[in-house]
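A.B. asks: Hey, dropping structure.cif in here, mmCIF, C-alpha atoms:
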data_work
#
loop_
_atom_site.label_atom_id
_atom_site.label_comp_id
_atom_site.auth_asym_id
_atom_site.auth_seq_id
_atom_site.Cartn_x
_atom_site.Cartn_y
_atom_site.Cartn_z
CA MET A 730 114.96 128.91 74.26
CA ALA A 731 114.38 125.29 73.22
CA TRP A 732 113.81 122.74 75.97
CA ASN A 733 117.04 120.92 75.18
CA SER A 734 119.14 124.07 75.19
CA THR A 735 118.21 125.06 78.72
CA PRO A 736 121.45 125.11 80.76
CA GLY A 737 121.68 122.11 83.07
CA TYR A 738 118.60 120.45 81.58
CA ALA A 739 120.38 117.21 80.74
CA ARG A 740 121.49 116.87 84.36
CA THR A 741 117.97 117.30 85.75
CA ASN A 742 115.84 115.43 83.22
CA ILE A 743 115.95 111.75 84.16
CA PHE A 744 115.11 110.73 80.60
CA ALA A 745 118.11 112.63 79.23
CA THR A 746 120.65 110.71 81.31
CA SER A 747 122.18 107.44 80.24
CA ARG A 748 121.26 105.91 83.59
CA TYR A 749 117.55 105.97 82.72
CA ALA A 750 117.30 106.48 78.96
CA THR A 751 118.87 103.23 77.89
CA VAL A 752 117.70 101.05 75.04
CA ALA A 753 116.83 98.34 77.57
CA ASN A 754 114.70 100.72 79.66
CA VAL A 755 112.93 102.04 76.57
CA LEU A 756 112.05 98.45 75.69
CA THR A 757 110.81 97.84 79.22
CA PHE A 758 108.69 101.01 79.14
CA SER A 759 107.31 99.85 75.80
CA ARG A 760 106.24 96.57 77.45
CA ILE A 761 104.12 98.59 79.88
CA ALA A 762 102.59 100.55 76.99
CA LEU A 763 101.94 97.37 75.01
CA SER A 764 100.36 95.81 78.10
CA VAL A 765 97.98 98.75 78.47
CA ALA A 766 97.20 98.54 74.74
CA LEU A 767 96.01 94.96 75.32
CA LEU A 768 93.03 96.49 77.15
CA THR A 769 91.84 97.97 73.84
CA GLN A 770 91.67 94.62 72.04
CA THR A 771 89.37 91.62 72.15
CA PRO A 772 91.13 88.94 74.24
CA LEU A 773 92.81 86.24 72.11
CA SER A 774 92.09 88.12 68.86
CA PRO A 775 94.93 88.35 66.33
CA ALA A 776 95.57 91.98 67.33
CA PHE A 777 95.64 91.02 71.02
CA LEU A 778 98.08 88.17 70.35
CA ALA A 779 100.29 90.45 68.21
CA LEU A 780 100.51 93.00 71.04
CA LEU A 781 101.17 90.22 73.53
CA ALA A 782 103.92 88.79 71.30
CA ALA A 783 105.54 92.22 71.01
CA ALA A 784 105.39 92.65 74.81
CA GLY A 785 106.92 89.20 75.25
CA ILE A 786 109.75 89.99 72.86
CA THR A 787 110.60 93.14 74.83
CA ASP A 788 110.66 91.04 78.00
CA MET A 789 113.04 88.55 76.43
CA ILE A 790 115.51 91.07 75.06
CA ASP A 791 115.59 94.02 77.49
CA GLY A 792 117.78 92.30 80.07
CA ALA A 793 120.08 90.81 77.45
CA ILE A 794 120.53 94.25 75.87
CA ALA A 795 121.22 95.83 79.27
CA ARG A 796 123.90 93.21 80.00
CA ALA A 797 125.43 93.43 76.51
CA THR A 798 125.66 97.23 76.63
CA GLY A 799 126.75 97.45 80.25
CA SER A 800 123.67 99.51 81.07
CA GLU A 801 122.29 97.36 83.89
CA THR A 802 120.92 99.47 86.73
CA GLU A 803 118.84 98.92 89.83
CA PHE A 804 116.24 101.21 88.24
CA GLY A 805 116.10 98.98 85.14
CA GLU A 806 115.79 95.85 87.25
CA LYS A 807 112.88 97.34 89.21
CA LEU A 808 111.27 98.69 86.05
CA ASP A 809 111.50 95.21 84.49
CA SER A 810 109.77 93.65 87.50
CA ILE A 811 107.04 96.30 87.44
CA ALA A 812 106.51 95.76 83.70
CA ASP A 813 106.24 92.00 84.31
CA VAL A 814 103.58 92.53 86.99
CA VAL A 815 101.63 94.96 84.78
CA LEU A 816 101.68 92.53 81.84
CA ALA A 817 100.67 89.55 84.00
CA ALA A 818 97.86 91.46 85.73
CA ILE A 819 96.43 92.77 82.47
CA CYS A 820 96.64 89.34 80.87
CA LEU A 821 94.83 87.75 83.81
CA ALA A 822 92.20 90.49 83.85
CA THR A 823 91.51 90.22 80.13
CA ILE A 824 92.03 86.56 79.27
CA LEU A 825 90.43 84.78 82.26
CA PRO A 826 86.97 86.30 81.69
CA ALA A 827 87.18 85.37 77.99
CA ILE A 828 87.80 81.65 78.50
CA SER A 829 86.08 78.83 80.31
CA LEU A 830 88.11 77.16 83.05
CA PRO A 831 87.04 74.67 85.70
CA LEU A 832 86.74 76.03 89.22
CA TRP A 833 89.72 74.00 90.50
CA LEU A 834 91.98 75.62 87.90
CA LEU A 835 90.69 79.11 88.68
CA ILE A 836 91.39 78.47 92.38
CA TRP A 837 94.90 77.23 91.54
CA ILE A 838 95.60 80.38 89.49
CA ALA A 839 94.23 82.55 92.32
CA VAL A 840 96.47 80.82 94.89
CA ILE A 841 99.53 81.39 92.70
CA ALA A 842 98.59 85.06 92.25
CA VAL A 843 98.03 85.56 95.99
CA GLU A 844 101.36 83.91 96.81
CA LYS A 845 103.12 86.10 94.22
CA ILE A 846 101.59 89.21 95.81
CA ALA A 847 102.58 87.92 99.27
CA ASN A 848 106.16 87.41 98.06
CA LEU A 849 106.32 90.96 96.67
CA ALA A 850 104.84 92.37 99.88
CA GLY A 851 107.17 90.26 102.02
CA GLY A 852 110.19 91.51 100.10
CA LEU A 853 109.04 95.10 100.54
CA LEU A 854 108.50 94.62 104.27
CA MET A 855 111.70 92.66 104.93
CA TYR A 856 114.12 94.57 102.70
CA ARG A 857 112.28 97.84 101.98
CA ARG A 858 112.61 97.30 98.26
CA LEU A 859 110.96 95.43 95.44
CA ILE A 860 112.29 91.88 95.38
CA ALA A 861 111.49 89.85 92.28
CA PRO A 862 113.93 86.98 91.83
CA HIS A 863 114.86 86.28 88.22
CA THR A 864 115.48 82.59 88.86
CA THR A 865 115.46 79.85 86.25
CA ALA A 866 112.18 78.60 87.73
CA ASN A 867 110.60 82.05 87.40
CA LYS A 868 111.83 82.41 83.82
CA THR A 869 110.58 78.92 82.89
CA ALA A 870 107.19 79.60 84.45
CA GLY A 871 107.07 82.96 82.67
CA VAL A 872 107.67 81.37 79.27
CA LEU A 873 105.05 78.66 79.85
CA VAL A 874 102.45 81.15 81.09
CA PHE A 875 103.26 83.48 78.20
CA LEU A 876 102.66 80.69 75.64
CA VAL A 877 99.23 79.69 77.00
CA PRO A 878 97.17 82.32 75.09
CA PHE A 879 98.86 81.35 71.82
CA VAL A 880 97.99 77.65 72.11
CA ILE A 881 94.44 78.01 73.47
CA PRO A 882 93.00 77.87 69.91
CA ILE A 883 94.76 74.52 69.38
CA PHE A 884 94.44 72.76 72.74
CA GLY A 885 91.79 74.71 74.62
CA ALA A 886 92.63 76.45 77.88
CA VAL A 887 92.96 73.61 80.39
CA ILE A 888 95.69 71.50 78.77
CA PRO A 889 98.29 74.30 78.41
CA ALA A 890 97.29 75.88 81.73
CA ILE A 891 98.23 72.79 83.76
CA PRO A 892 101.99 72.72 82.99
CA ALA A 893 102.07 76.53 83.26
CA CYS A 894 100.46 76.33 86.72
CA ILE A 895 102.80 73.54 87.82
CA ALA A 896 105.83 75.62 86.83
CA ALA A 897 104.36 78.79 88.36
CA THR A 898 103.60 76.97 91.62
CA PHE A 899 107.18 75.75 91.91
CA ALA A 900 108.54 79.19 90.96
CA VAL A 901 106.42 81.10 93.47
CA ILE A 902 107.33 78.67 96.27
CA GLN A 903 111.04 78.96 95.41
CA GLU A 904 110.73 82.75 95.18
CA GLY A 905 109.16 82.94 98.64
CA HIS A 906 111.87 80.67 100.03
CA TYR A 907 114.62 82.83 98.53
CA ILE A 908 113.04 86.01 99.88
CA ARG A 909 112.50 84.65 103.39
CA LEU A 910 116.07 83.35 103.61
CA GLY A 911 117.60 86.44 102.03
CA LEU A 912 119.29 84.37 99.33
CA ASP A 913 120.74 85.91 96.20
CA TRP A 914 117.73 86.55 93.97
CA GLY A 915 119.47 88.24 91.06
#
Go ahead and render the structure in this file as structure tokens.
C.D. replies:
Amino acid sequence: MAWNSTPGYARTNIFATSRYATVANVLTFSRIALSVALLTQTPLSPAFLALLAAAGITDMIDGAIARATGSETEFGEKLDSIADVVLAAICLATILPAISLPLWLLIWIAVIAVEKIANLAGGLLMYRRLIAPHTTANKTAGVLVFLVPFVIPIFGAVIPAIPACIAATFAVIQEGHYIRLGLDWG
């Protein structure tokens, strides 16, 4: 008997239900796969930037597709946040060793990363769930941080990193404030 003809299979396979197997979730899963694929490329190479661009496109459109198709779910929201963390962590782990940054900028980036982790941990402890506010500040910071690798060949690393770090600093402070006060973070 074929796997898809097994009685009741569609009800037990999470990937065969519309709740999980949505176009938006497939795009989000692909962002995780594209992020992992970045590990196979030389940082800032054309292939690396192409994979990063594809991952960024999935990040930009998955939520819009979920809203347009009425397929928004708590699972999709959590998956999106996990995919964002995976992409950011892999980018930091691959790009930072490949570029030269002054110590003060490395410390700034580390402080932002530690605060982001503290916000995620605080949300888990306070609300027993992953809290990742999708605020305008977070989205703005995400776009600026995302663009940095693409403009490094033109401006070097420091010049684009400064506005990205300013935006990320504001976003992570706002995120922590929202989480601590229990404000609407959606």
A.B. asks: For atom CA of Ala850 of chain A and atom CA of Gly792 of chain A, determine how far apart the two atoms are, in Å to one decimal place.
C.D. replies: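 A separation of 23.7 Å between them.
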A.B. asks: Just want the 8 Å neighbourhood of Ala897 of chain A, counted on all atoms listed in the file, with same-chain residues fewer than 4 positions away dropped. Output as a VMD selection string.
C.D. replies: chain A and resid 841 866 to 867 870 to 871 874 893 901
A.B. asks: Starting from the PyMOL selection byres ((chain A and resi 825) around 12), expand the selection into actual residues of this file and give them as a list in words.
C.D. replies: Pro772, Leu773, Ala817, Ala818, Ile819, Cys820, Leu821, Ala822, Thr823, Ile824, Pro826, Ala827, Ile828, Ser829, Leu830, Pro831, Leu832, Leu834, Leu835, Ile836, Ile838, Ala839, Val877, Pro878, Ile881, Ala886, Val887 and Ala890 of chain A
A.B. asks: Find the spatial neighbours of Ala797 of chain A, counting all atoms listed in the file, within a cut-off of 12 Å - ignore same-chain residues fewer than 6 positions away - and output them as a list in words.
C.D. replies: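 The contact residues come out as Thr751, Val752, Ala753, Ile790 and Asp791 of chain A.
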A.B. asks: One decimal, in Å: what's the spacing between atom CA of Asn848 of chain A and atom CA of Thr787 of chain A?
C.D. replies: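 So the two atoms, atom CA of Asn848 of chain A and atom CA of Thr787 of chain A, lie 24.3 Å apart.
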A.B. asks: Expressed in Å to a single decimal, how great is the separation between atom CA of Ala812 of chain A and atom CA of Ala762 of chain A?
C.D. replies: 9.1 Å
A.B. asks: Which residue gives the smallest distance to Leu808 of chain A among A:Leu767, A:Ile794, A:Leu910, A:Ile761, with all atoms listed in the file counted?
C.D. replies: A:Ile761
A.B. asks: When the PyMOL selection byres ((chain A and resi 804) around 12) is applied to the file above, which residues end up in the set, as a list in words?
C.D. replies: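 In the shown coordinates, the PyMOL selection byres ((chain A and resi 804) around 12) covers Ile743, Ser747, Arg748, Tyr749, Ala750, Thr751, Ala753, Asn754, Thr757, Phe758, Ala795, Ser800, Glu801, Thr802, Glu803, Gly805, Glu806, Lys807, Leu808, Asp809, Ser810, Ile811, Arg858 and Leu859 of chain A.
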A.B. asks: Residues picked by the PyMOL selection byres ((chain A and resi 908) around 9) here, as a PyMOL selection string?
C.D. replies: chain A and resi 848-849+851-852+855+860-862+903-907+909-914
A.B. asks: When you get a chance, write out N, CA and C atoms for segment 818-854 of chain A, as a tab-separated table (two decimals), in the coordinates of the input.
C.D. replies:
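What ended up in rebuild_28.tsv:
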chain	number	residue	atom	x	y	z
A	818	ALA	N	99.17	91.04	85.20
A	818	ALA	CA	97.86	91.46	85.73
A	818	ALA	C	96.87	91.75	84.61
A	819	ILE	N	97.33	92.44	83.58
A	819	ILE	CA	96.43	92.77	82.47
A	819	ILE	C	96.04	91.51	81.72
A	820	CYS	N	96.97	90.60	81.54
A	820	CYS	CA	96.64	89.34	80.87
A	820	CYS	C	95.61	88.55	81.67
A	821	LEU	N	95.82	88.45	82.97
A	821	LEU	CA	94.83	87.75	83.81
A	821	LEU	C	93.47	88.43	83.74
A	822	ALA	N	93.47	89.75	83.83
A	822	ALA	CA	92.20	90.49	83.85
A	822	ALA	C	91.45	90.42	82.52
A	823	THR	N	92.17	90.24	81.43
A	823	THR	CA	91.51	90.22	80.13
A	823	THR	C	91.24	88.81	79.63
A	824	ILE	N	92.18	87.90	79.84
A	824	ILE	CA	92.03	86.56	79.27
A	824	ILE	C	91.10	85.68	80.11
A	825	LEU	N	91.25	85.68	81.43
A	825	LEU	CA	90.43	84.78	82.26
A	825	LEU	C	88.93	84.95	82.03
A	826	PRO	N	88.41	86.18	81.95
A	826	PRO	CA	86.97	86.30	81.69
A	826	PRO	C	86.55	85.83	80.29
A	827	ALA	N	87.49	85.73	79.37
A	827	ALA	CA	87.18	85.37	77.99
A	827	ALA	C	87.22	83.88	77.73
A	828	ILE	N	87.69	83.10	78.69
A	828	ILE	CA	87.80	81.65	78.50
A	828	ILE	C	87.02	80.92	79.59
A	829	SER	N	86.79	79.65	79.34
A	829	SER	CA	86.08	78.83	80.31
A	829	SER	C	87.07	77.88	80.98
A	830	LEU	N	87.22	78.03	82.29
A	830	LEU	CA	88.11	77.16	83.05
A	830	LEU	C	87.33	76.52	84.19
A	831	PRO	N	87.69	75.29	84.54
A	831	PRO	CA	87.04	74.67	85.70
A	831	PRO	C	87.41	75.41	86.98
A	832	LEU	N	86.55	75.31	87.97
A	832	LEU	CA	86.74	76.03	89.22
A	832	LEU	C	88.08	75.68	89.88
A	833	TRP	N	88.47	74.40	89.85
A	833	TRP	CA	89.72	74.00	90.50
A	833	TRP	C	90.92	74.71	89.89
A	834	LEU	N	90.87	74.95	88.57
A	834	LEU	CA	91.98	75.62	87.90
A	834	LEU	C	91.97	77.12	88.22
A	835	LEU	N	90.80	77.71	88.29
A	835	LEU	CA	90.69	79.11	88.68
A	835	LEU	C	91.23	79.32	90.10
A	836	ILE	N	90.90	78.39	91.00
A	836	ILE	CA	91.39	78.47	92.38
A	836	ILE	C	92.92	78.35	92.39
A	837	TRP	N	93.46	77.42	91.62
A	837	TRP	CA	94.90	77.23	91.54
A	837	TRP	C	95.58	78.52	91.07
A	838	ILE	N	95.04	79.13	90.01
A	838	ILE	CA	95.60	80.38	89.49
A	838	ILE	C	95.52	81.48	90.55
A	839	ALA	N	94.39	81.54	91.26
A	839	ALA	CA	94.23	82.55	92.32
A	839	ALA	C	95.24	82.35	93.44
A	840	VAL	N	95.49	81.10	93.82
A	840	VAL	CA	96.47	80.82	94.89
A	840	VAL	C	97.86	81.25	94.45
A	841	ILE	N	98.22	80.97	93.22
A	841	ILE	CA	99.53	81.39	92.70
A	841	ILE	C	99.63	82.92	92.73
A	842	ALA	N	98.58	83.60	92.28
A	842	ALA	CA	98.59	85.06	92.25
A	842	ALA	C	98.70	85.64	93.66
A	843	VAL	N	97.97	85.07	94.61
A	843	VAL	CA	98.03	85.56	95.99
A	843	VAL	C	99.42	85.33	96.58
A	844	GLU	N	100.01	84.19	96.31
A	844	GLU	CA	101.36	83.91	96.81
A	844	GLU	C	102.38	84.86	96.18
A	845	LYS	N	102.21	85.15	94.90
A	845	LYS	CA	103.12	86.10	94.22
A	845	LYS	C	103.02	87.47	94.87
A	846	ILE	N	101.80	87.91	95.13
A	846	ILE	CA	101.59	89.21	95.81
A	846	ILE	C	102.20	89.17	97.20
A	847	ALA	N	102.01	88.06	97.92
A	847	ALA	CA	102.58	87.92	99.27
A	847	ALA	C	104.10	87.97	99.22
A	848	ASN	N	104.70	87.36	98.20
A	848	ASN	CA	106.16	87.41	98.06
A	848	ASN	C	106.63	88.84	97.81
A	849	LEU	N	105.95	89.57	96.93
A	849	LEU	CA	106.32	90.96	96.67
A	849	LEU	C	106.18	91.80	97.93
A	850	ALA	N	105.06	91.61	98.64
A	850	ALA	CA	104.84	92.37	99.88
A	850	ALA	C	105.87	91.99	100.94
A	851	GLY	N	106.17	90.70	101.05
A	851	GLY	CA	107.17	90.26	102.02
A	851	GLY	C	108.54	90.85	101.73
A	852	GLY	N	108.92	90.90	100.47
A	852	GLY	CA	110.19	91.51	100.10
A	852	GLY	C	110.23	92.99	100.44
A	853	LEU	N	109.11	93.67	100.19
A	853	LEU	CA	109.04	95.10	100.54
A	853	LEU	C	109.15	95.31	102.04
A	854	LEU	N	108.47	94.47	102.82
A	854	LEU	CA	108.50	94.62	104.27
A	854	LEU	C	109.86	94.24	104.85
